[in-house]
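Everything below concerns the one structure shown next.
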Amino acid sequence: MLTPSFLLAQFQSGLTAAMFLFIVASGLSLIFGVLRVLNFAHGSFYMLGAYMAWQVTQWLGAASVSFWIAVPVAAATVAILGGVIERLLLRHLYGREELYQLLFTYALVLILGDAARILWGTQQLAVPRPPLLAGSFDVMGIVVPHYNLFIIVLGPLVALGCWLLLSRTGTGRMIRAAAWDREMLSALGADVGRLYTLMFMAGSFLAGLGGALVTPVRSITPGMDVDIIVECFIVVVIGGLGSLWGTFLGAIIFGQVLAFGILILPGFSLFAVFVLMAFVLVVRPAGLLGRPVKR
Amino acid sequence: MALLRRVPWAVLVFVAAATVPWLGSRFYTFLATDIAILALFAASLNLLLGYTGLVSFGHAAYFGIGAYTCAILMKTHGVPFVPALLAGTVNAGACALVFGLFCVRSSRIYFSMLTLAFAQIVWAVCFKWNSVTGGEQGLNNVPYPGLDWMAVIPMLGDLRAGDRYYLVVLVLVGLAFAALKRIVDSPFGRILTAIRENAERAEFVGVDVRRYQLASFVVAGAFAGFAGALFGLFNRGVFPDFAHWSKSAEVLIMAILGGFGSFWGPAVGAGVLVLLNQQITSYTQYWPLILGSILIVLLFVFPGGIVGALQAAVRRLKERRDA
Amino acid sequence: MLEAKGIAKSFNGFAAVGGVSLAVPAGGVTAVIGPNGAGKSTLFNLLTGHLVPDSGSVAFQGRDITGAAPHAICRMGIGRSFQHTNIFKKLTVFGNVQAALIAHRRKAHQFWTRSEGLYRDEALALLEALGLADKADAVADSLSHGNQKQLELGIALASDPAMLLLDEPTAGMSATETREAIRLLERIVADRQLTLLFTEHDMEVVFQIAQKIAVLHQGRLIAEGTPAEVRNDPEVRRVYLGGGH
């Protein structure tokens with residue numbers, strides 16, 4: 001069973017899962033890093049991204065480009081929804097206790113979950129793989145779908161893009177400063193409100209993007225929102241909440257442990273991930289690359 | 001007003017609730033049992049939410065653990081009611097201890113994330129461990145506790161089994177409420193409120209904050225397990241839904257709806273939400289949507305919940321009278 | 001009484017406190033001064049266990065307390081106040097002091113006795129000394145800023161400390177409030193024979209009550225000595241009067 005090709009197959013499927021997870025979790029981490037709000041509805045945005053992608057491909061029909069239009073449209077729609085929610089509702093809770101922000105995003109989980117059920121029903125939906133990436137490679141006797149390879153390349157590109165935006169642009173520097181000290185930032189005259197909306201939209205965009213990209217390989221179901229948010233939580237706990245590269249590392253570890261955990265506990269590989277998370281919490285409570293919090 | 005406060009409301013409600021079986025309706029007894037158990041469940045959550053200031057998104061896990069432990073012992077192993085109930089309570093508390101060790105680390109945000117994550121794993125165990133938990137189908141036909149001894153008590157002889165069980169639940173829930181009240185009114189309870197108000201300051205009056213948060217989590221988990229054990233028997237079966245995150249959401253909203261700033265608020269919230277659920281689910285299946293909308297309205301308009309709003313109204317009346 | 005040896009703390013490469021050694025004599029009043037961002041609050045947080053130093057050690061009454069948790073340090077007899085008023089806002093004034101008393105007397109684990117009225121007399125006596133006795137049943141949040149600062153002092157005193165660390169005890173107070181607060185503080189320190197270490201931006205207050213002054217600048221101690229010595233120190237004059245902050 002432990003042939004090199006089997007190990008390679010597990011490795012690539014773990015890496016693919018990790019990159020999906022990273023794209024979504026990085027949005028959660030970015031929002032938290034700047035707004036200090038943990039968005040429980042981030043998984044719901046991911047789910048909406050998936051449903052939107054399905055919807056757009058339905059409208060466009062079987063055209064070979066329909067998937068490539070659906071993905072950005074879905075992600076942008078989710079980003080706009082995120083922006084609207086931040087502007088109209090969440091904003092009014094910044095001055096209140098942490099508790100109210102948490103409960104607010106939690107209420108969104110309930111509402112968006114049911115809204116998706118009303119709009120799209122409870123049936124499993126699927127989007128076909130885009131024709132451009134429908135094929136697969138044959139490497140060392142295992143089959144690697146082109147689509148998986150695309151995701152494995154896209155994940156690091158997203159990470160690099162985020163990092164460049166944060167470290168090389170003026171807005172990015174402001175964003176990092178906001179994470180460091182938001183009072184000082186507003187004293188410097190930056191429009192913190194606009195920055196927050198922008199950041200919430202960017203984070204939501206990543207959630208929607210992840211949801212849209214996952215449609216060709218996983219079926220779209222109600223309930224995918226809570227599954228992904230729990231996975232995202234584990235990733236950011238392992239990697240460090242608010243740290244981009246920590247999230248990246250956490251996602252890779254999550255994916256690999258899940259893929260190889262099957263060898264130890266068939267059917268229960270999620271438990272292996274929990275054991276790992278518990279271990280990280282004991283040795284590094286702030287996560288592998290997280291900034292230690294004041295106690 | 002002072003007179004109003006001197007009325008022993010809790011005792012009155014208890015006595016009134018004890019008359020429900022004689023109303024002669026199975027449905028009323030059913031509703032009253034449901035409310036009594038969920039009221040305790042919500043009050044147990046409030047030890048965390050209202051007193052310690054910790055938001056748990058996975059409280060149903062301990063409700064589920066209590067329910068499964070008690071039901072498995074009674075159905076599979078033939079254990080009598082009282083030891084099974086106690087085992088459910090203790091096991092829920094023990095699991096809360098293990099998970100809590102991780103949940104109270106770092107910050108309140110980590111607490112909320114991890115409670116949800118651990119609850120999902122409890123749910124997954126209930127859902128997948130077919131040989132013990134019955135998997136997706138759950139465990140059906142869990143035996144009722146033997147309540148024939150109640151026949152010797154005057155007036156209880158000709159009650160139905162459901163009514164008898166309701167009276168047992170009522171007494172046990174009443175005792176649990178008395179115990180919880182005693183805990184929140186103790187020095188321990190005072191320290192929990194101090195932690196809620198300002199963990200940093202509490203740490204610097206010499207309180208080991210994490211240890212007390214953990215203690216609160218264990219006590220809350222044990223009471224949730226107690227409620228869960230009673231609920232499983234009432235339901236005559238236990239299902240993975242008991243530990244599902246949506247159940248955690250429901251109990252959280254009960255507590256906030258009633259008002260987590262007061263001891264009895266969550267119990268009131270449980271009563272209102274159960275009745276509301278009865279009404280609404282006959283019109284629509286979108287119960288979570290309603291729950292979420294209720295929560296948002298509460299957060300923006302009535303953060304103190306029903307009891308908080310009533311207290312504010314009473315205060316305003318009083319001020320107007322005094323003026 | 002309290003001795004720090006070469007303690008240092010950096011945040012993301014920025015050295016907030018870089019190797020500070022400071023000895024606080026028993027029974028004395030010591031002030032730490034320095035411009036904004038000099039590292040005063042970080043230094044306090046290192047001394048009371050809210051931050052763990054990257055290097056160096058802290059000893060209290062001869063015992064090494066480096067890296068000990070805040071609650072453990074508090075129990076050894078150090079009381080502190082914070083720069084931002086740090087009280088239990090929604091508890092009553094009495095409840096604030098009571099919580100501190102419960103923690104200090106190690107009754108926090110008692111979950112089956114009643115807390116109502118517990119330590120009422122002691123708490124009232126303490127509040128009396130602070131001039132807050134008539135507000136005992138008010139919610140702490142409703143007090144004036146000055147009174148909240150006094151309540152915070154009361155919380156610190158409830159654990160019967162041998163030493164008090166106060167971070168900007170008069171921050172945000174008016175001139176009159178400051179005068180009263182200092183008079184009160186002096187009386188309490190004398191009555192209880194406390195060792196006091198405090199930071200303060202109001203130089204008048206510092207030179208009025210401190211017997212020893214330590215000057216912090218960019219995370220380093222640049223001068224230490226009696227008020228007269230510090231006042232005439234050329235380095236201090238340069239930092240405060242010369243090149244600005």
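Starting from 1 in every chain, residues are counted up; chains themselves are A, B, ... following the order of the structure tokens, and ligands are numbered from 1 as listed.
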
Select from chain B every residue with an atom at most 9 Å from any atom of chain A, then for each give the shortest pair of atoms and their distance in Å to one decimal, using only C-alpha atoms, rows by chain and rising number, as JSON lines.
{"residue": "B:Gly53", "atom": "CA", "partner": "A:Leu99", "partner_atom": "CA", "distance": 8.3}
{"residue": "B:Leu54", "atom": "CA", "partner": "A:Leu99", "partner_atom": "CA", "distance": 8.2}
{"residue": "B:Val55", "atom": "CA", "partner": "A:Leu99", "partner_atom": "CA", "distance": 7.0}
{"residue": "B:Phe57", "atom": "CA", "partner": "A:Tyr106", "partner_atom": "CA", "distance": 8.8}
{"residue": "B:Phe102", "atom": "CA", "partner": "A:Leu281", "partner_atom": "CA", "distance": 6.8}
{"residue": "B:Arg105", "atom": "CA", "partner": "A:Pro285", "partner_atom": "CA", "distance": 6.9}
{"residue": "B:Ser106", "atom": "CA", "partner": "A:Pro285", "partner_atom": "CA", "distance": 6.4}
{"residue": "B:Ser107", "atom": "CA", "partner": "A:Val293", "partner_atom": "CA", "distance": 8.3}
{"residue": "B:Arg108", "atom": "CA", "partner": "A:Glu98", "partner_atom": "CA", "distance": 8.8}
{"residue": "B:Ile109", "atom": "CA", "partner": "A:Leu38", "partner_atom": "CA", "distance": 7.2}
{"residue": "B:Tyr110", "atom": "CA", "partner": "A:Val237", "partner_atom": "CA", "distance": 7.9}
{"residue": "B:Ser112", "atom": "CA", "partner": "A:Leu102", "partner_atom": "CA", "distance": 8.4}
{"residue": "B:Met113", "atom": "CA", "partner": "A:Phe233", "partner_atom": "CA", "distance": 6.3}
{"residue": "B:Leu114", "atom": "CA", "partner": "A:Phe233", "partner_atom": "CA", "distance": 7.7}
{"residue": "B:Leu116", "atom": "CA", "partner": "A:Val230", "partner_atom": "CA", "distance": 7.2}
{"residue": "B:Ala117", "atom": "CA", "partner": "A:Val230", "partner_atom": "CA", "distance": 5.5}
{"residue": "B:Phe118", "atom": "CA", "partner": "A:Phe274", "partner_atom": "CA", "distance": 8.3}
{"residue": "B:Gln120", "atom": "CA", "partner": "A:Val230", "partner_atom": "CA", "distance": 7.7}
{"residue": "B:Ile121", "atom": "CA", "partner": "A:Phe271", "partner_atom": "CA", "distance": 7.6}
{"residue": "B:Lys128", "atom": "CA", "partner": "A:Phe268", "partner_atom": "CA", "distance": 8.8}
{"residue": "B:Glu200", "atom": "CA", "partner": "A:Arg295", "partner_atom": "CA", "distance": 8.1}
{"residue": "B:Trp245", "atom": "CA", "partner": "A:Val226", "partner_atom": "CA", "distance": 8.5}
{"residue": "B:Ser246", "atom": "CA", "partner": "A:Leu110", "partner_atom": "CA", "distance": 8.3}
{"residue": "B:Ala249", "atom": "CA", "partner": "A:Tyr106", "partner_atom": "CA", "distance": 8.3}
{"residue": "B:Tyr286", "atom": "CA", "partner": "A:Asp114", "partner_atom": "CA", "distance": 6.4}
{"residue": "B:Trp287", "atom": "CA", "partner": "A:Asp114", "partner_atom": "CA", "distance": 8.3}
{"residue": "B:Pro288", "atom": "CA", "partner": "A:Leu110", "partner_atom": "CA", "distance": 5.3}
{"residue": "B:Leu289", "atom": "CA", "partner": "A:Ile111", "partner_atom": "CA", "distance": 4.5}
{"residue": "B:Ile290", "atom": "CA", "partner": "A:Ile111", "partner_atom": "CA", "distance": 7.7}
{"residue": "B:Leu291", "atom": "CA", "partner": "A:Leu110", "partner_atom": "CA", "distance": 7.2}
{"residue": "B:Gly292", "atom": "CA", "partner": "A:Ala107", "partner_atom": "CA", "distance": 4.4}
{"residue": "B:Ser293", "atom": "CA", "partner": "A:Ile111", "partner_atom": "CA", "distance": 6.9}
{"residue": "B:Ile294", "atom": "CA", "partner": "A:Ala107", "partner_atom": "CA", "distance": 8.6}
{"residue": "B:Leu295", "atom": "CA", "partner": "A:Ala107", "partner_atom": "CA", "distance": 6.1}
{"residue": "B:Ile296", "atom": "CA", "partner": "A:Phe104", "partner_atom": "CA", "distance": 6.3}
{"residue": "B:Leu299", "atom": "CA", "partner": "A:Tyr100", "partner_atom": "CA", "distance": 6.6}
{"residue": "B:Phe300", "atom": "CA", "partner": "A:Leu93", "partner_atom": "CA", "distance": 8.4}
{"residue": "B:Pro303", "atom": "CA", "partner": "A:Tyr100", "partner_atom": "CA", "distance": 8.7}

Determine, counting only C-alpha atoms, which protein, DNA and RNA residues have an atom within 9 Å of an atom of region 149-151 of chain C; residues of the same chain fewer than 2 positions away are not included. Present the result as a count of residues only. 24

Any idea what the distance is between CA of Val272 (chain B) and CA of Ile183 (chain B)?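 Result for CA of Val272 (chain B) versus CA of Ile183 (chain B): 25.2 Å, one decimal.
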
Residues of chain B no more than 12 Å from chain C, counting only C-alpha atoms: send them over as a PyMOL selection string. chain B and resi 51+178-213+215-216+219+261

Non-local contacts of Leu197 (chain C) (6 Å; only C-alpha atoms; under 3 positions in same chain excluded) as number ranges by chain: C: 30-31, 165

Separation of CA of Leu28 (chain A) from CA of Ser56 (chain B), in Å and rounded to one decimal: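 A separation of 19.3 Å between them.
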
For Gly135 (chain A), find every residue with an atom within 8 Å (counting only C-alpha atoms), except residues of its own chain fewer than 4 positions away, and show them as a PDB file with N, CA and C atoms, in the first residue's frame.
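Result file is part-v4.pdb:
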ATOM      1  N   PRO A 131     -13.329  23.116 -19.646  1.00  0.00           N
ATOM      2  CA  PRO A 131     -12.744  22.262 -20.696  1.00  0.00           C
ATOM      3  C   PRO A 131     -11.238  22.422 -20.813  1.00  0.00           C
ATOM      4  N   PRO A 145      -5.047  15.530 -12.069  1.00  0.00           N
ATOM      5  CA  PRO A 145      -5.879  16.354 -12.943  1.00  0.00           C
ATOM      6  C   PRO A 145      -5.242  17.721 -13.150  1.00  0.00           C
ATOM      7  N   HIS A 146      -5.367  18.232 -14.379  1.00  0.00           N
ATOM      8  CA  HIS A 146      -4.846  19.575 -14.676  1.00  0.00           C
ATOM      9  C   HIS A 146      -5.398  20.589 -13.692  1.00  0.00           C
ATOM     10  N   TYR A 147      -6.667  20.400 -13.314  1.00  0.00           N
ATOM     11  CA  TYR A 147      -7.314  21.384 -12.445  1.00  0.00           C
ATOM     12  C   TYR A 147      -6.613  21.457 -11.090  1.00  0.00           C
TER      13      TYR A 147
END

Would you please extract all helix (DSSP H, G or I) residues from region 129-276 of chain A, as assigned by DSSP on the backbone, and give them as an NGL selection string? :A and (131-133 or 146-168 or 170-180 or 182-187 or 192-214 or 224-239 or 244-264 or 269-276)

Region 159-218 of chain C: which residues are strand (DSSP E or B) by DSSP, as an MDAnalysis selection string? chainID C and resid 163:167 195:199 212:217

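Counting from CA of Gly305 (chain B), the distance to CA of Leu257 (chain B) is 4.7 Å.
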
Just the residues within 7 Å of Gly66 (chain B), please, counting only C-alpha atoms, with nothing from its chain fewer than 6 positions along; format it as a PyMOL selection string. chain B and resi 88-89+91-92+225-226+228-229

Using only C-alpha atoms, which residues sit within 10 Å of Val17 (chain C) once same-chain residues fewer than 5 positions away are excluded, as a compact mmCIF listing (two decimals) with C-alpha atoms, in the first residue's frame?
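Result went into part.txt, see below:
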# COMPACT_ATOMS: atom_id res chain seq x y z
CA GLY C 6 19.15 43.95 32.63
CA ILE C 7 15.58 43.28 31.54
CA ALA C 8 14.83 43.68 27.85
CA LYS C 9 11.78 43.29 25.65
CA SER C 10 11.41 43.72 21.89
CA PHE C 11 8.30 43.75 19.74
CA ALA C 38 10.22 55.73 26.48
CA GLY C 39 9.06 52.29 27.58
CA LYS C 40 7.61 53.10 31.01
CA SER C 41 4.45 51.04 30.64
CA THR C 42 6.36 48.17 29.05
CA LEU C 43 8.77 48.26 31.99
CA LEU C 46 7.62 43.35 32.67
CA PRO C 53 11.21 39.67 29.44
CA ASP C 54 13.33 38.43 26.54
CA LEU C 216 13.95 56.22 30.92
CA HIS C 217 14.67 57.24 27.36
CA GLN C 218 14.20 55.05 24.28
CA GLY C 219 14.01 51.95 26.40
CA ARG C 220 17.19 52.67 28.37
CA LEU C 221 17.86 54.09 31.79

Shell of 10 Å around region 70-83 of chain B, only C-alpha atoms, local chain residues under 6 positions omitted, as a PyMOL selection string: chain B and resi 64+89+91+132-134+139-147+225-226+228-233+236-238

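Remark: for chain A, the closest of the candidate residues C:Leu164, C:Gly27, C:Gly19, C:Gly67 is C:Gly67 (distances computed over only C-alpha atoms).
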